[in-house]
Amino acid sequence: MATSSGAPFWSGPKRPPTPLQFSADDPLHLGFIIAAANLRAFNYGLKGSTDPALFKKAVEAAMVPEFVPKQGVKIATDPKEAEKAPAAPPPDEDEASDAIVATLPAPSSLAGYRMTPVDFEKDDDTNFHIDFIAAASNLRARNYKITEADHHRTKQIAGKIIPAIATTTSLVTGLVCLELLKLMQPAKPIESFKNGFVNLALPFVSFSEPIAAPKRKIGAKGAEWTLWDRYEVDEGRELTLKEFLAYFQERHKLE
């Protein structure tokens, strides 16, 4: 596989991945299964297990179909080639949402059903959190022949990443959610909304009131509008330009 210039695609910083063949005798492979299964069991309120023999017996009895690559799929080996390729039309969000909802079971079938979310905690060596991260990252490293990290090193890396996620991101998300709650309340005055500025390095947090969008009128006696207002045109079919102009003349008395 080569680029348009004739250079090998897998060269320089690009490392070709190597598929792994699962083996229950490999501690890393089995460790991933044990950690993932116990996290899943916690979600569903089931009792987990740490017995390697139990998991080894279960995976050896499992029948996993052999992976077969899809036929007719073309993968761009050159960035320029990918840029020239026509972009696929975006999926319809409403149709995608309806398809997901259609796959969900009826609420009546889930009476009394509860799922328990997992709150990440790196300092508890019995909850399988670091075990799962270490196994998943080391399997990925093994795919690309990258140096693997032990349990202690993985915990160190996670300890450096989590505080950044749990501070700035959570603060910004919380402030945005507060503003969304205000939008859901009817007749909320604009003074109730706030723009927020945050710099945790100082630390500094300040709020200001947003400025209302200028209002304009359609003609001398027409309705008021701002740049946030929109006309929705849905006739159930495509309109010609002539029909589009006639629509506004007839429905909204606009020229």
# chains A, B, ... in the order shown; residues from 1 in each chain; ligands from 1
>>> residues_around(residues="range 220-232 of chain A", least_positions_apart="6", cutoff="10 Å", atoms="only C-alpha atoms", output="ChimeraX atom specification")
/A:212-214,248,252-254
>>> closest_residue(among="A:Leu104, A:Glu209, A:Ala158, A:Ala111", to="Glu179 in chain A", atoms="only C-alpha atoms")
A:Glu209
>>> residues_around(residues="range 131-136 of chain A", least_positions_apart="2", cutoff="9 Å", atoms="only C-alpha atoms", output="list in words")
Leu28, His29, Gly31, Phe32, Ile33, Ile34, Ala35, Ala36, Leu39, Asp125, Thr126, Asn127, Phe128, His129, Asn138, Leu139, Arg140, Ala141, Glu148, Ala149, Asp150, His151, Arg153, Thr154, Lys155 and Ala158 of chain A
>>> residues_around(residues="Arg15 in chain A", least_positions_apart="2", cutoff="10 Å", atoms="only C-alpha atoms", output="PyMOL selection string")
chain A and resi 9-13+17-18+143-146
>>> closest_residue(among="A:Pro89, A:Pro27, A:Gly45, A:Pro19", to="Met115 in chain A", atoms="only C-alpha atoms")
A:Gly45
>>> residues_around(residues="Ala201 in chain A", least_positions_apart="2", cutoff="12 Å", atoms="only C-alpha atoms", output="list of chain:residue names")
A:Ala164, A:Thr167, A:Thr168, A:Val198, A:Asn199, A:Pro203, A:Phe204, A:Val205
>>> select_by_dssp(residues="range 11-130 of chain A", states="alpha helix (DSSP H)", output="PyMOL selection string")
chain A and resi 27-43+52-61+79-84+93-103+129-130
>>> write_last_selection(atoms="C-alpha atoms", output="CSV table (one decimal), in the first residue's frame")
chain,number,residue,atom,x,y,z
A,27,PRO,CA,-2.6,-12.7,31.6
A,28,LEU,CA,-3.3,-9.5,29.7
A,29,HIS,CA,-6.0,-11.0,27.6
A,30,LEU,CA,-7.7,-12.7,30.5
A,31,GLY,CA,-7.2,-9.6,32.7
A,32,PHE,CA,-9.2,-7.5,30.2
A,33,ILE,CA,-12.1,-9.9,30.2
A,34,ILE,CA,-12.2,-10.1,34.1
A,35,ALA,CA,-12.1,-6.3,34.5
A,36,ALA,CA,-14.7,-5.6,31.8
A,37,ALA,CA,-17.0,-8.4,33.1
A,38,ASN,CA,-16.8,-7.1,36.7
A,39,LEU,CA,-17.5,-3.5,35.6
A,40,ARG,CA,-20.5,-4.7,33.6
A,41,ALA,CA,-21.7,-6.8,36.5
A,42,PHE,CA,-21.6,-3.7,38.7
A,43,ASN,CA,-23.7,-1.7,36.2
A,52,PRO,CA,-9.4,-16.7,36.8
A,53,ALA,CA,-10.4,-20.3,36.4
A,54,LEU,CA,-14.1,-19.4,36.1
A,55,PHE,CA,-13.4,-16.8,33.4
A,56,LYS,CA,-11.0,-19.1,31.6
A,57,LYS,CA,-13.6,-21.8,31.4
A,58,ALA,CA,-16.3,-19.4,30.2
A,59,VAL,CA,-14.2,-17.8,27.4
A,60,GLU,CA,-13.0,-21.2,26.2
A,61,ALA,CA,-16.6,-22.3,25.8
A,79,PRO,CA,-4.7,12.6,2.7
A,80,LYS,CA,-5.1,14.5,-0.6
A,81,GLU,CA,-7.2,11.7,-2.0
A,82,ALA,CA,-9.4,11.8,1.0
A,83,GLU,CA,-9.9,15.6,0.6
A,84,LYS,CA,-10.9,15.2,-3.1
A,93,GLU,CA,-31.0,13.4,12.9
A,94,ASP,CA,-34.7,12.8,13.4
A,95,GLU,CA,-34.5,9.5,11.5
A,96,ALA,CA,-31.5,8.4,13.4
A,97,SER,CA,-33.1,9.3,16.7
A,98,ASP,CA,-36.4,7.4,15.8
A,99,ALA,CA,-34.3,4.3,14.8
A,100,ILE,CA,-32.6,4.3,18.2
A,101,VAL,CA,-35.9,4.8,20.1
A,102,ALA,CA,-37.5,2.0,18.1
A,103,THR,CA,-34.8,-0.4,19.4
A,129,HIS,CA,-11.2,0.6,37.2
A,130,ILE,CA,-7.4,0.9,36.8
